[in-house]
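**Student:** Before I ask anything, let me first share the structure, which is written out below as structure tokens.
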Amino acid sequence: MTESEIQFLKENIDNTIEIETSDGERLVVKVLFVTCDKEYDEHELTYQAVSSSRQESYLNLENAGGYVLDFDKIESVKPLS
């Protein structure tokens, strides 16, 4: 992830965005929290799943809590179109 993509995530806390993962999953998520701590090598996104190209991965999206995704598994982030 680039610095601009990380900044995009931070600027969109509580907003809904699109993500593509390195394994091809396409997600629409609500950004809950962005962890970017170089000292402890923690770089991850906490999100609430709204929809996914792999719906079976999320049993009940409406009642789900947060999910965590490491930055190294994120291929791209963009505004919801």
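Every chain in the structure tokens has a letter given in the order shown (A, B, ...), and although residue numbers restart at 1 in each chain, ligands are simply numbered from 1 in the order shown.
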For Lys78 (chain A), list every protein, DNA or RNA residue within 10 Å, evaluated using only C-alpha atoms, and leave out those in the same chain fewer than 5 positions away; present the list as a list of chain:residue names.
**Tutor:** A:Glu5, A:Phe8, A:Leu9, A:Thr16, A:Ile17, A:Glu18, A:Ile19, A:Glu20, A:Val28
**Student:** Can I get the selection written as an mmCIF file, in the first residue's frame, with N, CA and C atoms?
**Tutor:**
```
data_model
loop_
_atom_site.group_PDB
_atom_site.id
_atom_site.type_symbol
_atom_site.label_atom_id
_atom_site.label_comp_id
_atom_site.auth_asym_id
_atom_site.auth_seq_id
_atom_site.Cartn_x
_atom_site.Cartn_y
_atom_site.Cartn_z
ATOM 1 N N GLU A 5 -2.583 5.805 -0.331
ATOM 2 C CA GLU A 5 -3.681 4.866 -0.060
ATOM 3 C C GLU A 5 -3.952 4.755 1.442
ATOM 4 N N PHE A 8 -5.746 7.807 2.400
ATOM 5 C CA PHE A 8 -7.134 7.678 1.943
ATOM 6 C C PHE A 8 -7.957 6.893 2.957
ATOM 7 N N LEU A 9 -7.410 5.779 3.446
ATOM 8 C CA LEU A 9 -8.119 4.986 4.450
ATOM 9 C C LEU A 9 -8.374 5.801 5.710
ATOM 10 N N THR A 16 -17.899 4.518 3.623
ATOM 11 C CA THR A 16 -17.926 3.275 2.859
ATOM 12 C C THR A 16 -17.068 3.422 1.622
ATOM 13 N N ILE A 17 -16.190 2.429 1.380
ATOM 14 C CA ILE A 17 -15.259 2.441 0.253
ATOM 15 C C ILE A 17 -15.228 1.057 -0.407
ATOM 16 N N GLU A 18 -14.512 0.975 -1.534
ATOM 17 C CA GLU A 18 -14.295 -0.305 -2.216
ATOM 18 C C GLU A 18 -12.857 -0.755 -2.016
ATOM 19 N N ILE A 19 -12.680 -2.054 -1.846
ATOM 20 C CA ILE A 19 -11.351 -2.649 -1.690
ATOM 21 C C ILE A 19 -11.257 -3.870 -2.583
ATOM 22 N N GLU A 20 -10.087 -4.050 -3.182
ATOM 23 C CA GLU A 20 -9.778 -5.302 -3.865
ATOM 24 C C GLU A 20 -8.596 -5.920 -3.142
ATOM 25 N N VAL A 28 -17.031 -4.104 -0.438
ATOM 26 C CA VAL A 28 -17.504 -2.775 -0.066
ATOM 27 C C VAL A 28 -17.509 -2.812 1.458
#
```
**Student:** What residues in chain A get the DSSP label strand (DSSP E or B)? Please answer as a ChimeraX atom specification.
**Tutor:** /A:16-21,26-37,42-52,67-70,74-79
**Student:** Could the residues in this selection be written to a file with C-alpha atoms, as an mmCIF file, in the first residue's frame?
**Tutor:**
```
data_model
loop_
_atom_site.group_PDB
_atom_site.id
_atom_site.type_symbol
_atom_site.label_atom_id
_atom_site.label_comp_id
_atom_site.auth_asym_id
_atom_site.auth_seq_id
_atom_site.Cartn_x
_atom_site.Cartn_y
_atom_site.Cartn_z
ATOM 1 C CA THR A 16 -17.926 3.275 2.859
ATOM 2 C CA ILE A 17 -15.259 2.441 0.253
ATOM 3 C CA GLU A 18 -14.295 -0.305 -2.216
ATOM 4 C CA ILE A 19 -11.351 -2.649 -1.690
ATOM 5 C CA GLU A 20 -9.778 -5.302 -3.865
ATOM 6 C CA THR A 21 -7.644 -7.877 -2.075
ATOM 7 C CA ARG A 26 -13.885 -7.309 -4.078
ATOM 8 C CA LEU A 27 -15.348 -5.727 -0.973
ATOM 9 C CA VAL A 28 -17.504 -2.775 -0.066
ATOM 10 C CA VAL A 29 -16.607 -1.886 3.521
ATOM 11 C CA LYS A 30 -17.204 0.708 6.173
ATOM 12 C CA VAL A 31 -13.790 1.768 7.493
ATOM 13 C CA LEU A 32 -13.721 1.480 11.289
ATOM 14 C CA PHE A 33 -10.050 1.882 12.214
ATOM 15 C CA VAL A 34 -6.649 2.118 10.523
ATOM 16 C CA THR A 35 -3.564 0.854 12.356
ATOM 17 C CA CYS A 36 -0.239 1.973 10.950
ATOM 18 C CA ASP A 37 2.448 1.412 13.568
ATOM 19 C CA GLU A 42 1.258 -3.424 12.629
ATOM 20 C CA HIS A 43 -0.411 -2.302 9.423
ATOM 21 C CA GLU A 44 -4.040 -3.257 9.196
ATOM 22 C CA LEU A 45 -7.537 -2.104 8.441
ATOM 23 C CA THR A 46 -10.485 -2.862 10.704
ATOM 24 C CA TYR A 47 -13.734 -2.748 8.765
ATOM 25 C CA GLN A 48 -17.359 -3.716 8.708
ATOM 26 C CA ALA A 49 -18.253 -5.711 5.598
ATOM 27 C CA VAL A 50 -21.147 -4.302 3.582
ATOM 28 C CA SER A 51 -20.842 -6.642 0.590
ATOM 29 C CA SER A 52 -18.325 -9.044 -0.895
ATOM 30 C CA TYR A 67 -13.031 -7.708 10.479
ATOM 31 C CA VAL A 68 -9.282 -7.112 10.176
ATOM 32 C CA LEU A 69 -7.288 -7.033 6.939
ATOM 33 C CA ASP A 70 -3.504 -6.643 6.801
ATOM 34 C CA ILE A 74 -4.935 -5.086 0.033
ATOM 35 C CA GLU A 75 -4.414 -4.643 -3.710
ATOM 36 C CA SER A 76 -6.318 -1.374 -4.113
ATOM 37 C CA VAL A 77 -8.660 1.031 -2.356
ATOM 38 C CA LYS A 78 -10.997 3.554 -3.959
ATOM 39 C CA PRO A 79 -14.073 5.633 -3.285
#
```
**Student:** For the atom pair CA of Glu56 (chain A) and CA of Asn15 (chain A), what is the interatomic distance in Å to one decimal place?
**Tutor:**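 Between CA of Glu56 (chain A) and CA of Asn15 (chain A) the gap is 23.5 Å.
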**Student:** I need the residues of chain A that end up classed as alpha helix (DSSP H) by DSSP on the backbone, written out as a PyMOL selection string.
**Tutor:** chain A and resi 3-11
